[in-house]
$ cat entry-v2.txt   # compact mmCIF, C-alpha atoms
# COMPACT_ATOMS: atom_id res chain seq x y z
CA MET A 19 -19.45 11.27 17.41
CA ASN A 20 -22.38 11.10 15.05
CA ALA A 21 -20.68 9.31 12.17
CA MET A 22 -21.14 10.10 8.51
CA ASN A 23 -23.07 7.72 6.26
CA PRO A 24 -20.43 5.22 5.04
CA SER A 25 -21.42 5.36 1.36
CA ILE A 26 -21.23 9.16 1.32
CA LYS A 27 -17.83 8.95 2.99
CA PHE A 28 -16.75 6.34 0.46
CA ILE A 29 -17.84 8.47 -2.51
CA LEU A 30 -16.26 11.61 -1.03
CA ILE A 31 -12.90 9.89 -0.49
CA LEU A 32 -13.09 8.25 -3.92
CA ILE A 33 -13.65 11.60 -5.67
CA VAL A 34 -10.87 13.30 -3.71
CA SER A 35 -8.44 10.40 -4.36
CA LEU A 36 -9.15 10.43 -8.09
CA GLU A 37 -8.79 14.20 -8.27
CA ILE A 38 -5.47 14.04 -6.40
CA THR A 39 -4.26 11.63 -9.12
CA VAL A 40 -4.39 14.38 -11.75
CA ILE A 41 -3.37 17.37 -9.62
CA LEU A 42 0.27 18.34 -9.75
CA ASP A 43 0.42 20.77 -6.83
CA TYR A 44 1.99 19.75 -3.53
CA ARG A 45 0.19 22.55 -1.67
CA VAL A 46 -3.23 21.09 -2.54
CA ASN A 47 -1.90 17.71 -1.36
CA LEU A 48 -0.88 19.27 1.95
CA VAL A 49 -4.30 20.92 2.42
CA VAL A 50 -6.05 17.59 1.86
CA ALA A 51 -3.57 15.72 4.07
CA GLY A 52 -4.09 18.38 6.78
CA CYS A 53 -7.90 18.00 6.71
CA THR A 54 -7.54 14.21 6.82
CA ILE A 55 -5.13 14.34 9.76
CA ILE A 56 -7.60 16.51 11.72
CA TYR A 57 -10.33 13.98 10.99
CA LEU A 58 -8.12 11.05 12.00
CA LEU A 59 -7.14 12.77 15.25
CA ALA A 60 -10.80 13.57 16.01
CA SER A 61 -11.71 9.91 15.42
CA ARG A 62 -9.68 8.80 18.49
CA LEU A 63 -7.96 5.75 17.04
CA SER A 64 -5.69 3.49 19.08
CA TRP A 65 -2.09 4.61 19.58
CA TYR A 66 -0.98 1.59 17.53
CA ARG A 67 -2.84 2.90 14.49
CA TYR A 68 -1.39 6.37 14.91
CA LEU A 69 2.11 4.85 15.03
CA LEU A 70 1.27 2.87 11.90
CA LEU A 71 0.17 6.07 10.16
CA ILE A 72 3.46 7.73 11.04
CA PHE A 73 5.69 4.87 9.85
CA LEU A 74 3.68 3.38 6.95
CA PRO A 75 4.26 6.20 4.44
CA ILE A 76 8.00 6.58 5.16
CA ILE A 77 9.44 3.98 2.75
CA PRO A 78 7.20 4.87 -0.25
CA MET A 79 7.75 8.58 0.39
CA LEU A 80 11.53 8.27 0.52
CA GLY A 81 11.36 6.08 -2.59
CA ALA A 82 9.39 8.72 -4.50
CA TRP A 83 11.73 11.45 -3.28
CA THR A 84 14.97 9.79 -4.39
CA SER A 85 13.63 8.44 -7.69
CA PHE A 86 12.10 11.73 -8.84
CA ASN A 87 15.19 13.64 -7.80
CA THR A 88 17.33 11.20 -9.80
CA PHE A 89 15.14 10.64 -12.88
CA GLY A 90 12.61 13.47 -12.78
CA SER A 91 12.49 16.93 -11.28
CA ARG A 92 12.68 18.35 -7.75
CA GLU A 93 9.21 19.83 -8.19
CA MET A 94 7.72 16.46 -9.11
CA ALA A 95 9.48 14.86 -6.13
CA TRP A 96 7.53 17.16 -3.79
CA VAL A 97 4.26 16.41 -5.56
CA MET A 98 4.69 12.64 -5.48
CA MET A 99 5.97 12.55 -1.92
CA THR A 100 2.98 14.51 -0.61
CA ARG A 101 0.61 12.54 -2.86
CA ILE A 102 1.64 9.28 -1.17
CA LEU A 103 0.90 10.87 2.20
CA VAL A 104 -2.56 11.89 0.98
CA TYR A 105 -3.36 8.42 -0.39
CA VAL A 106 -2.31 6.68 2.82
CA TYR A 107 -4.24 9.10 5.08
CA LEU A 108 -7.34 9.13 2.88
CA GLY A 109 -7.27 5.33 2.87
CA ALA A 110 -6.99 5.29 6.65
CA ALA A 111 -9.73 7.92 7.02
CA PHE A 112 -12.01 5.33 5.49
CA SER A 113 -10.66 1.92 6.56
CA PHE A 114 -9.84 2.86 10.17
CA THR A 115 -13.15 4.56 10.90
CA THR A 116 -15.78 2.66 8.93
CA ASP A 117 -17.59 -0.54 9.79
CA MET A 118 -17.68 -2.80 6.70
CA ASP A 119 -21.11 -4.23 7.59
CA TRP A 120 -22.53 -0.75 7.87
CA LEU A 121 -21.07 0.17 4.47
CA LEU A 122 -22.66 -2.91 2.88
CA ASP A 123 -26.01 -2.11 4.56
CA SER A 124 -25.84 1.40 3.20
CA LEU A 125 -24.80 0.36 -0.32
CA GLU A 126 -27.76 -2.00 -0.39
CA GLN A 127 -30.40 0.32 1.06
CA ASN A 128 -29.27 3.72 -0.19
CA PHE A 129 -27.69 2.80 -3.52
CA HIS A 130 -29.61 -0.39 -4.32
CA LEU A 131 -26.64 -2.56 -5.23
CA PRO A 132 -27.73 -6.12 -6.13
CA THR A 133 -28.32 -8.20 -3.01
CA VAL A 134 -26.31 -11.04 -4.56
CA PHE A 135 -23.29 -8.75 -4.39
CA ILE A 136 -23.97 -7.50 -0.87
CA TYR A 137 -24.81 -10.81 0.80
CA GLY A 138 -22.42 -12.85 -1.31
CA LEU A 139 -19.53 -10.64 -0.21
CA ARG A 140 -20.71 -10.72 3.39
CA GLY A 141 -20.85 -14.50 3.32
CA ALA A 142 -17.47 -14.84 1.64
CA LEU A 143 -15.80 -12.45 4.07
CA SER A 144 -16.99 -14.56 6.99
CA PHE A 145 -14.71 -17.29 5.62
CA VAL A 146 -11.56 -15.23 6.07
CA PRO A 147 -10.32 -17.02 9.23
CA ARG A 148 -10.97 -20.41 7.62
CA VAL A 149 -9.11 -19.41 4.46
CA LYS A 150 -6.06 -18.60 6.55
CA GLN A 151 -6.25 -22.00 8.24
CA GLU A 152 -6.90 -23.84 4.98
CA ILE A 153 -3.78 -22.47 3.29
CA LYS A 154 -1.74 -23.78 6.22
CA VAL A 155 -3.46 -27.18 5.90
CA ILE A 156 -2.71 -27.40 2.16
CA ARG A 157 0.95 -26.61 2.70
CA VAL A 158 1.35 -28.95 5.66
CA ALA A 159 -0.39 -31.74 3.75
CA ALA A 160 2.09 -31.26 0.90
CA MET A 161 5.00 -31.27 3.33
CA MET A 162 3.84 -34.64 4.70
CA ARG A 163 4.42 -36.01 1.23
CA GLY A 164 7.83 -34.35 1.13
CA VAL A 165 6.72 -31.54 -1.20
CA LYS A 166 7.49 -27.97 -0.25
CA MET A 167 4.80 -25.76 -1.74
CA ALA A 168 5.99 -22.29 -2.73
CA PRO A 169 3.54 -19.35 -2.56
CA TYR A 170 3.60 -19.26 -6.38
CA SER A 171 2.96 -22.95 -6.95
CA PRO A 172 0.10 -23.76 -9.40
CA GLN A 173 -0.77 -26.73 -7.13
CA LEU A 174 -1.51 -24.29 -4.31
CA PHE A 175 -3.78 -22.19 -6.54
CA PHE A 176 -5.46 -25.26 -7.92
CA LYS A 177 -6.30 -26.50 -4.43
CA SER A 178 -7.53 -23.06 -3.34
CA ILE A 179 -9.83 -22.94 -6.35
CA LEU A 180 -11.09 -26.42 -5.56
CA ILE A 181 -11.90 -25.42 -1.99
CA SER A 182 -13.47 -22.11 -3.11
CA MET A 183 -15.74 -24.08 -5.37
CA ARG A 184 -16.82 -26.47 -2.66
CA TRP A 185 -17.37 -23.73 -0.08
CA SER A 186 -19.23 -21.47 -2.51
CA SER A 187 -21.75 -24.16 -3.39
CA ARG A 188 -22.24 -25.07 0.26
CA LEU A 189 -22.66 -21.47 1.36
CA SER A 190 -25.01 -20.52 -1.46
CA THR A 191 -27.09 -23.66 -0.87
CA ALA A 192 -27.25 -22.83 2.83
CA MET A 193 -28.26 -19.23 2.13
CA ILE A 194 -30.91 -20.16 -0.39
CA SER A 195 -32.33 -22.88 1.85
CA HIS A 196 -32.66 -20.25 4.58
CA GLY A 197 -34.84 -18.16 2.32
CA PHE A 198 -32.37 -15.95 0.45
CA THR A 199 -33.80 -15.20 -2.99
CA GLU A 200 -31.45 -13.70 -5.55
CA ASN A 201 -32.15 -9.99 -5.98
CA ALA A 202 -35.65 -10.19 -4.53
CA PRO A 203 -36.85 -7.14 -2.58
CA ARG A 204 -36.07 -7.36 1.13
CA THR A 205 -37.23 -5.70 4.31
CA HIS A 206 -34.64 -4.35 6.70
CA PHE A 207 -34.37 -4.52 10.45
CA LYS A 208 -31.56 -1.95 10.63
CA LYS A 209 -32.47 1.05 8.49
CA VAL A 210 -29.64 3.15 7.11
CA VAL A 211 -30.39 6.70 6.08
CA ILE A 212 -28.40 9.46 4.41
CA LYS A 213 -28.73 12.58 6.52
CA LYS A 214 -28.79 16.03 4.93
CA ARG A 215 -25.90 16.92 7.22
CA ASP A 216 -23.70 14.24 5.59
CA ILE A 217 -24.29 15.60 2.11
CA VAL A 218 -23.67 19.19 3.29
CA ILE A 219 -20.38 18.24 4.98
CA ALA A 220 -19.22 16.24 1.95
CA SER A 221 -20.09 19.09 -0.43
CA VAL A 222 -18.38 21.71 1.74
CA LEU A 223 -15.21 19.60 1.88
CA LEU A 224 -15.25 19.16 -1.90
CA VAL A 225 -15.75 22.91 -2.41
CA VAL A 226 -12.85 23.68 -0.04
CA MET A 227 -10.66 21.35 -2.10
CA GLN A 228 -11.69 23.02 -5.39
CA LEU A 229 -10.92 26.43 -3.86
CA ALA A 230 -7.49 25.13 -2.88
CA VAL A 231 -6.98 23.87 -6.44
CA VAL A 232 -7.98 27.22 -7.97
CA PHE A 233 -6.37 29.66 -5.57
CA LEU A 234 -3.16 27.96 -4.42
CA MET B 6 -24.63 -14.62 -23.74
CA HIS B 7 -24.83 -15.58 -20.09
CA THR B 8 -23.94 -12.53 -18.04
CA LYS B 9 -26.06 -12.68 -14.91
CA TRP B 10 -24.08 -13.64 -11.86
CA SER B 11 -25.65 -16.13 -9.51
CA LEU B 12 -25.04 -16.10 -5.79
CA ARG B 13 -22.82 -19.17 -6.11
CA ASP B 14 -20.61 -17.74 -8.88
CA PHE B 15 -20.25 -14.54 -6.96
CA ILE B 16 -19.24 -16.22 -3.69
CA PHE B 17 -16.85 -18.41 -5.69
CA LEU B 18 -15.09 -15.34 -7.14
CA ALA B 19 -14.99 -13.63 -3.75
CA LEU B 20 -13.48 -16.73 -2.10
CA ILE B 21 -10.81 -17.02 -4.80
CA SER B 22 -9.93 -13.38 -4.15
CA ILE B 23 -9.65 -14.02 -0.42
CA PHE B 24 -7.42 -17.07 -0.97
CA PHE B 25 -5.17 -15.18 -3.36
CA GLY B 26 -5.13 -12.22 -0.98
CA PHE B 27 -3.72 -14.44 1.76
CA ILE B 28 -1.28 -16.29 -0.46
CA PHE B 29 0.13 -12.97 -1.63
CA TRP B 30 0.16 -11.36 1.78
CA VAL B 31 3.94 -11.89 1.71
CA TRP B 32 4.28 -9.75 -1.40
CA ALA B 33 3.40 -6.55 0.45
CA PHE B 34 6.51 -7.19 2.56
CA ALA B 35 8.49 -8.06 -0.54
CA TYR B 36 7.43 -4.77 -2.09
CA ASN B 37 8.36 -2.69 0.95
CA GLY B 38 11.64 -4.57 1.40
CA LEU B 39 12.63 -4.23 -2.24
CA ALA B 40 11.58 -0.56 -2.25
CA ALA B 41 13.74 0.09 0.81
CA VAL B 42 16.79 -1.53 -0.83
CA LEU B 43 16.32 0.35 -4.12
CA THR B 44 15.52 3.74 -2.57
CA PRO B 45 19.11 5.01 -2.12
CA MET B 46 19.71 4.56 -5.88
CA GLY B 47 16.42 6.27 -6.72
CA LEU B 48 15.23 3.02 -8.32
CA SER B 49 12.30 2.33 -6.00
CA PRO B 50 9.68 2.36 -8.82
CA PHE B 51 11.23 -0.94 -9.95
CA ALA B 52 9.87 -2.46 -6.73
CA ASN B 53 6.41 -1.42 -7.86
CA ASP B 54 6.78 -2.94 -11.31
CA ALA B 55 8.60 -6.11 -10.28
CA THR B 56 6.02 -7.09 -7.66
CA ILE B 57 2.91 -6.16 -9.63
CA GLY B 58 2.38 -9.66 -11.12
CA PRO B 59 0.88 -11.33 -8.03
CA TRP B 60 -1.61 -8.48 -7.55
CA LEU B 61 -2.82 -8.86 -11.13
CA MET B 62 -3.47 -12.55 -10.84
CA ALA B 63 -7.06 -12.80 -9.53
CA GLY B 64 -8.41 -11.22 -12.74
CA PRO B 65 -6.85 -13.49 -15.37
CA MET B 66 -7.39 -16.52 -13.14
CA ALA B 67 -11.13 -15.78 -12.84
CA GLY B 68 -11.44 -14.94 -16.53
CA TYR B 69 -9.43 -17.89 -17.77
CA ILE B 70 -11.20 -20.46 -15.59
CA LEU B 71 -14.77 -19.21 -15.78
CA ARG B 72 -14.46 -18.13 -19.43
CA ARG B 73 -17.21 -15.60 -19.43
CA PRO B 74 -17.47 -11.84 -20.00
CA GLY B 75 -16.90 -9.68 -16.95
CA ALA B 76 -15.24 -12.40 -14.85
CA SER B 77 -11.83 -10.68 -14.93
CA ILE B 78 -13.14 -7.25 -13.97
CA LEU B 79 -15.39 -8.64 -11.26
CA GLY B 80 -12.70 -10.98 -9.89
CA GLU B 81 -10.00 -8.31 -9.76
CA THR B 82 -12.30 -5.63 -8.29
CA LEU B 83 -13.32 -8.09 -5.59
CA ALA B 84 -9.64 -8.72 -4.93
CA GLY B 85 -9.22 -4.96 -4.47
CA ILE B 86 -12.14 -4.84 -2.01
CA VAL B 87 -10.76 -7.82 -0.10
CA GLU B 88 -7.36 -6.16 0.04
CA MET B 89 -8.92 -3.00 1.47
CA VAL B 90 -10.83 -5.01 4.08
CA PHE B 91 -7.62 -6.83 5.10
CA GLY B 92 -6.06 -3.43 5.73
CA SER B 93 -3.77 -2.23 2.99
CA GLN B 94 -1.89 1.05 3.10
CA TRP B 95 -3.71 2.39 0.03
CA GLY B 96 -7.33 1.96 1.17
CA ILE B 97 -10.02 2.90 -1.34
CA MET B 98 -7.46 3.27 -4.13
CA ASP B 99 -7.07 -0.53 -4.00
CA ILE B 100 -10.58 -0.88 -5.39
CA VAL B 101 -9.86 1.63 -8.15
CA ALA B 102 -6.60 -0.15 -8.99
CA GLY B 103 -8.40 -3.52 -8.95
CA ALA B 104 -11.07 -2.32 -11.38
CA ILE B 105 -8.43 -0.88 -13.72
CA GLN B 106 -6.31 -4.05 -13.61
CA GLY B 107 -9.37 -6.20 -14.23
CA PHE B 108 -10.32 -3.99 -17.16
CA GLY B 109 -6.82 -4.41 -18.61
CA THR B 110 -7.07 -8.20 -18.47
CA GLU B 111 -10.63 -8.18 -19.78
CA ILE B 112 -9.59 -6.36 -22.98
CA GLY B 113 -7.25 -9.23 -23.87
CA PHE B 114 -10.02 -11.83 -23.65
CA ALA B 115 -12.68 -9.55 -25.19
CA ALA B 116 -10.46 -9.00 -28.25
CA PHE B 117 -11.14 -12.62 -29.21
CA GLY B 118 -14.86 -12.27 -28.52
CA TYR B 119 -14.51 -14.56 -25.46
CA ARG B 120 -14.25 -17.48 -27.87
CA ARG B 121 -10.59 -18.23 -27.74
CA TRP B 122 -9.09 -19.60 -24.54
CA ASP B 123 -5.51 -20.61 -25.15
CA LYS B 124 -1.95 -19.32 -24.93
CA THR B 125 -2.68 -16.62 -27.51
CA SER B 126 -5.59 -14.96 -25.71
CA LEU B 127 -3.87 -15.33 -22.35
CA SER B 128 -0.69 -13.74 -23.76
CA LEU B 129 -2.68 -10.88 -25.22
CA SER B 130 -4.34 -10.29 -21.86
CA VAL B 131 -0.89 -10.13 -20.24
CA VAL B 132 0.11 -7.44 -22.75
CA THR B 133 -3.11 -5.45 -22.36
CA VAL B 134 -3.02 -5.56 -18.57
CA THR B 135 0.60 -4.39 -18.64
CA LEU B 136 -0.28 -1.52 -20.97
CA VAL B 137 -3.40 -0.42 -19.09
CA THR B 138 -1.80 -0.52 -15.64
CA PHE B 139 1.27 1.28 -17.01
CA ILE B 140 -0.89 4.08 -18.41
CA TRP B 141 -2.61 4.32 -15.03
CA ASP B 142 0.81 4.63 -13.33
CA LEU B 143 1.78 7.43 -15.72
CA LEU B 144 -0.87 9.37 -13.79
CA ARG B 145 -1.05 7.76 -10.39
CA ASN B 146 2.64 7.38 -9.67
CA GLY B 147 3.81 10.26 -11.85
CA TYR B 148 5.62 7.95 -14.29
CA SER B 149 4.98 10.50 -17.05
CA GLN B 150 7.70 12.69 -15.48
CA TYR B 151 10.44 10.07 -15.63
CA ALA B 152 13.18 9.96 -18.22
CA LEU B 153 12.44 7.69 -21.21
CA GLY B 154 15.23 5.19 -20.44
CA LEU B 155 13.86 4.51 -16.97
CA LEU B 156 10.34 4.15 -18.37
CA ILE B 157 11.41 1.48 -20.84
CA GLY B 158 13.17 -0.41 -18.05
CA LEU B 159 10.08 -0.18 -15.86
CA PHE B 160 7.78 -1.34 -18.65
CA ILE B 161 9.89 -4.40 -19.40
CA THR B 162 10.12 -5.27 -15.70
CA ARG B 163 6.33 -5.01 -15.40
CA LEU B 164 5.76 -7.11 -18.51
CA ILE B 165 8.00 -9.88 -17.16
CA SER B 166 6.29 -9.83 -13.77
CA ALA B 167 2.83 -9.93 -15.36
CA ALA B 168 3.88 -12.68 -17.78
CA ILE B 169 5.13 -14.95 -14.99
CA PHE B 170 2.12 -14.56 -12.68
CA SER B 171 -0.85 -13.69 -14.90
CA GLY B 172 0.48 -15.77 -17.77
CA VAL B 173 2.59 -18.82 -16.92
CA ILE B 174 1.18 -19.61 -13.46
CA VAL B 175 -2.43 -19.04 -14.55
CA TYR B 176 -1.81 -21.29 -17.57
CA PHE B 177 -0.47 -24.18 -15.51
CA THR B 178 -3.16 -23.81 -12.85
CA GLU B 179 -5.84 -24.00 -15.52
CA LYS B 180 -4.16 -27.13 -16.92
CA LEU B 181 -4.47 -28.79 -13.52
CA ILE B 182 -8.14 -27.82 -13.39
CA ALA B 183 -8.80 -29.12 -16.89
CA LYS B 184 -7.06 -32.39 -16.07
CA SER B 185 -9.11 -32.84 -12.91
CA GLY B 186 -12.33 -32.34 -14.87
CA ILE B 187 -14.01 -30.33 -12.12
CA LEU B 188 -15.09 -27.65 -14.57
CA SER B 189 -16.16 -28.62 -18.06
CA ASN B 190 -15.23 -25.64 -20.08
CA ASP B 191 -17.87 -25.23 -22.77
CA LYS B 192 -20.72 -25.26 -20.27
CA SER B 193 -19.03 -24.93 -16.96
CA GLU B 194 -20.82 -26.30 -13.95
CA ILE B 195 -20.33 -23.09 -12.04
CA VAL B 196 -21.94 -20.97 -14.75
CA LYS B 197 -25.41 -22.42 -14.40
$ encode --input "entry-v2.txt" --output "structure tokens"
Amino acid sequence: MNAMNPSIKFILILIVSLEITVILDYRVNLVVAGCTIIYLLASRLSWYRYLLLIFLPIIPMLGAWTSFNTFGSREMAWVMMTRILVYVYLGAAFSFTTDMDWLLDSLEQNFHLPTVFIYGLRGALSFVPRVKQEIKVIRVAAMMRGVKMAPYSPQLFFKSILISMRWSSRLSTAMISHGFTENAPRTHFKKVVIKKRDIVIASVLLVVMQLAVVFL
Amino acid sequence: MHTKWSLRDFIFLALISIFFGFIFWVWAFAYNGLAAVLTPMGLSPFANDATIGPWLMAGPMAGYILRRPGASILGETLAGIVEMVFGSQWGIMDIVAGAIQGFGTEIGFAAFGYRRWDKTSLSLSVVTVTLVTFIWDLLRNGYSQYALGLLIGLFITRLISAAIFSGVIVYFTEKLIAKSGILSNDKSEIVK
């Protein structure tokens, strides 16, 4: 499938999510959820992700249902229950189908976000596996001294901050020594463009939603 | 005032967010577990308010350590982005929530013109972040439709959760940092 430009998709989903926040009509929620489900099915995700999408919203939805029936109104219970469904599916329509690197490329080239932001985030995200390992190391090291470190211990945060500081100066030094210049213009090997088709599709979807808001 | 973010500062904030994201990974389970237990009584929103503290923490931590304008908003928004990348059930709304939470914390520090960094400004930021996120939940989670008694209960629960994580724990962590001398606070090394 010829995928949509990730920034356009991001903006589209952001607008729809924010609009859903102020709309108190469960039928609009169902229309949006329906469109999103079609998109998710067309995206051919793994069966594991489909299972996740079925089970993930259950607890929050039941929670909203019982609490609004107890402390609010039946009408509101329908709105909030369907709203949770919309949020979860809209979130998945982005996270499950979009490559983060592509999004960052697009934000840089199409929307001219500062390169410090784009490449800093990219660099930091590459540390994710090491962060996971490092937290284990900190806790094991404490255990060797007979200290059990709780996940809310200031010592744990202190050590994470210490390591973040060390890694951030190493990484930024490495990047700068390899020629990265803060917010200087760059050339790009992989060019990202916004196709007219993407804007048309996004606009049509937004118009459909407004029609649903007005006429339902 | 120094407001430009260097590559190093930015990576530092992003790494803190990633660390905190992992440390609080458990809280997503805590939230879902607590919500499941409270659901039959219709009290599941308490799960939301009781577990909010950890999610708020990246903002005040960044603001209170770096002591410069914008650190809380940037730190918390980054935490939201990191959370989305890790795969959270709320997706893009995590970034929106992060920006709003960071804004809430930022107000508390901005009220003192970014000159006062002690228990008072930190306490105020706890109050402002509680207020701002609560107003957001009036919309986002339909809190405005709840009965007043429940709302008061929820507000107090949220305030306590925010006070413990964004207040007390941030305070003691900063004390450890100050004692170690790795950041001198008037002209912090990282700011340059």
$ closest_atom_pairs --input "entry-v2.txt" --of "chain A" --to "chain B" --cutoff "8 Å" --atoms "only C-alpha atoms" --output "tab-separated table"
residue	atom	partner	partner_atom	distance
A:Phe28	CA	B:Ile97	CA	7.8
A:Ile31	CA	B:Ile97	CA	7.6
A:Leu32	CA	B:Ile97	CA	6.7
A:Ser35	CA	B:Met98	CA	7.2
A:Thr39	CA	B:Arg145	CA	5.2
A:Val40	CA	B:Leu144	CA	6.5
A:Leu74	CA	B:Gln94	CA	7.2
A:Ile77	CA	B:Ala41	CA	6.1
A:Pro78	CA	B:Ala40	CA	7.3
A:Leu80	CA	B:Thr44	CA	6.8
A:Gly81	CA	B:Thr44	CA	4.8
A:Ala82	CA	B:Ser49	CA	7.2
A:Trp83	CA	B:Gly47	CA	7.8
A:Thr84	CA	B:Gly47	CA	4.5
A:Ser85	CA	B:Gly47	CA	3.7
A:Phe86	CA	B:Tyr151	CA	7.2
A:Asn87	CA	B:Gly47	CA	7.5
A:Thr88	CA	B:Gly47	CA	5.9
A:Phe89	CA	B:Tyr151	CA	5.5
A:Gly90	CA	B:Tyr151	CA	4.9
A:Ser91	CA	B:Gln150	CA	7.7
A:Met94	CA	B:Gln150	CA	7.4
A:Met98	CA	B:Gly147	CA	6.9
A:Tyr105	CA	B:Trp95	CA	6.1
A:Val106	CA	B:Trp95	CA	5.3
A:Leu108	CA	B:Gly96	CA	7.4
A:Gly109	CA	B:Gly96	CA	3.8
A:Ala110	CA	B:Gly96	CA	6.4
A:Phe112	CA	B:Gly96	CA	7.2
A:Ser113	CA	B:Gly96	CA	6.3
A:Met118	CA	B:Val90	CA	7.7
A:Val134	CA	B:Leu12	CA	5.4
A:Phe135	CA	B:Phe15	CA	7.0
A:Gly138	CA	B:Ile16	CA	5.2
A:Leu139	CA	B:Ala19	CA	6.5
A:Gly141	CA	B:Ile16	CA	7.4
A:Ala142	CA	B:Ile16	CA	5.8
A:Leu143	CA	B:Ile23	CA	7.8
A:Phe145	CA	B:Leu20	CA	7.8
A:Val146	CA	B:Ile23	CA	6.9
A:Val149	CA	B:Phe24	CA	6.1
A:Lys150	CA	B:Phe27	CA	6.8
A:Ile153	CA	B:Ile28	CA	7.6
A:Pro169	CA	B:Ile28	CA	6.1
A:Tyr170	CA	B:Ile174	CA	7.5
A:Ser171	CA	B:Ile174	CA	7.5
A:Pro172	CA	B:Thr178	CA	4.7
A:Gln173	CA	B:Thr178	CA	6.9
A:Phe175	CA	B:Thr178	CA	6.5
A:Phe176	CA	B:Thr178	CA	5.6
A:Ser178	CA	B:Phe24	CA	6.4
A:Ile179	CA	B:Ile21	CA	6.2
A:Ser182	CA	B:Leu20	CA	5.5
A:Met183	CA	B:Phe17	CA	5.8
A:Trp185	CA	B:Phe17	CA	7.7
A:Ser186	CA	B:Phe17	CA	5.0
A:Ser187	CA	B:Arg13	CA	5.8
A:Leu189	CA	B:Arg13	CA	7.8
A:Ser190	CA	B:Arg13	CA	5.3
A:Glu200	CA	B:Leu12	CA	6.8
$ closest_residue --input "entry-v2.txt" --among "A:Arg101, A:His206, A:Lys166, A:Lys154" --to "Val46 of chain A" --atoms "all atoms listed in the file"
A:Arg101
$ axis_aligned_box --input "entry-v2.txt" --around "segment 102-117 of chain B" --padding-each-side "8 Å" --output "JSON"
{"center_x": -9.5, "center_y": -6.4, "center_z": -19.1, "size_x": 22.4, "size_y": 28.5, "size_z": 36.3}
$ closest_residue --input "entry-v2.txt" --among "A:Ile212, A:Leu36, A:Ile26, A:Cys53" --to "Ala230 of chain A" --atoms "only C-alpha atoms"
A:Cys53
$ residues_near_point --input "entry-v2.txt" --point "(-7.4, -19.8, -20.1)" --cutoff "6 Å" --atoms "all atoms listed in the file" --output "PDB file with C-alpha atoms, in the frame of the given file"
ATOM      1  CA  TYR B  69      -9.430 -17.890 -17.770  1.00  0.00           C
ATOM      2  CA  ILE B  70     -11.200 -20.460 -15.590  1.00  0.00           C
ATOM      3  CA  TRP B 122      -9.090 -19.600 -24.540  1.00  0.00           C
ATOM      4  CA  ASP B 123      -5.510 -20.610 -25.150  1.00  0.00           C
TER       5      ASP B 123
END
$ residues_around --input "entry-v2.txt" --residues "Leu48 of chain A" --least-positions-apart "4" --cutoff "7 Å" --atoms "all atoms listed in the file" --output "VMD selection string"
chain A and resid 44 52 100
$ atom_distance --input "entry-v2.txt" --atom1 "atom CA of Val211 of chain A" --atom2 "atom CA of Ile136 of chain A"
17.1 Å
$ atom_distance --input "entry-v2.txt" --atom1 "atom CA of Ala102 of chain B" --atom2 "atom CA of Ile33 of chain A"
14.1 Å
$ residues_near_point --input "entry-v2.txt" --point "(-13.2, -14.7, -20.1)" --cutoff "10 Å" --atoms "only C-alpha atoms" --output "count of residues only"
29
$ atom_distance --input "entry-v2.txt" --atom1 "atom CA of Tyr68 of chain A" --atom2 "atom CA of Ala111 of chain A"
11.6 Å
$ decode --input "entry-v2.txt" --residues "segment 91-100 of chain B" --atoms "N, CA and C atoms" --output "PDB file, in the first residue's frame"
ATOM      1  N   PHE B  91       7.334   3.614  22.942  1.00  0.00           N
ATOM      2  CA  PHE B  91       7.357   2.335  23.662  1.00  0.00           C
ATOM      3  C   PHE B  91       6.122   1.505  23.343  1.00  0.00           C
ATOM      4  N   GLY B  92       5.030   2.177  22.977  1.00  0.00           N
ATOM      5  CA  GLY B  92       3.790   1.464  22.708  1.00  0.00           C
ATOM      6  C   GLY B  92       2.845   1.559  23.883  1.00  0.00           C
ATOM      7  N   SER B  93       2.149   2.688  23.982  1.00  0.00           N
ATOM      8  CA  SER B  93       1.166   2.831  25.039  1.00  0.00           C
ATOM      9  C   SER B  93      -0.211   2.754  24.408  1.00  0.00           C
ATOM     10  N   GLN B  94      -1.210   2.416  25.210  1.00  0.00           N
ATOM     11  CA  GLN B  94      -2.542   2.229  24.625  1.00  0.00           C
ATOM     12  C   GLN B  94      -3.159   3.536  24.130  1.00  0.00           C
ATOM     13  N   TRP B  95      -2.608   4.691  24.535  1.00  0.00           N
ATOM     14  CA  TRP B  95      -3.265   5.939  24.149  1.00  0.00           C
ATOM     15  C   TRP B  95      -2.631   6.638  22.952  1.00  0.00           C
ATOM     16  N   GLY B  96      -1.483   6.159  22.478  1.00  0.00           N
ATOM     17  CA  GLY B  96      -0.888   6.704  21.260  1.00  0.00           C
ATOM     18  C   GLY B  96      -0.603   8.193  21.298  1.00  0.00           C
ATOM     19  N   ILE B  97      -1.054   8.893  20.257  1.00  0.00           N
ATOM     20  CA  ILE B  97      -0.737  10.316  20.099  1.00  0.00           C
ATOM     21  C   ILE B  97      -1.216  11.154  21.288  1.00  0.00           C
ATOM     22  N   MET B  98      -2.282  10.721  21.937  1.00  0.00           N
ATOM     23  CA  MET B  98      -2.800  11.486  23.072  1.00  0.00           C
ATOM     24  C   MET B  98      -1.786  11.551  24.215  1.00  0.00           C
ATOM     25  N   ASP B  99      -0.821  10.628  24.230  1.00  0.00           N
ATOM     26  CA  ASP B  99       0.248  10.686  25.237  1.00  0.00           C
ATOM     27  C   ASP B  99       1.061  11.968  25.094  1.00  0.00           C
ATOM     28  N   ILE B 100       1.288  12.366  23.841  1.00  0.00           N
ATOM     29  CA  ILE B 100       2.083  13.580  23.609  1.00  0.00           C
ATOM     30  C   ILE B 100       1.298  14.802  24.061  1.00  0.00           C
TER      31      ILE B 100
END
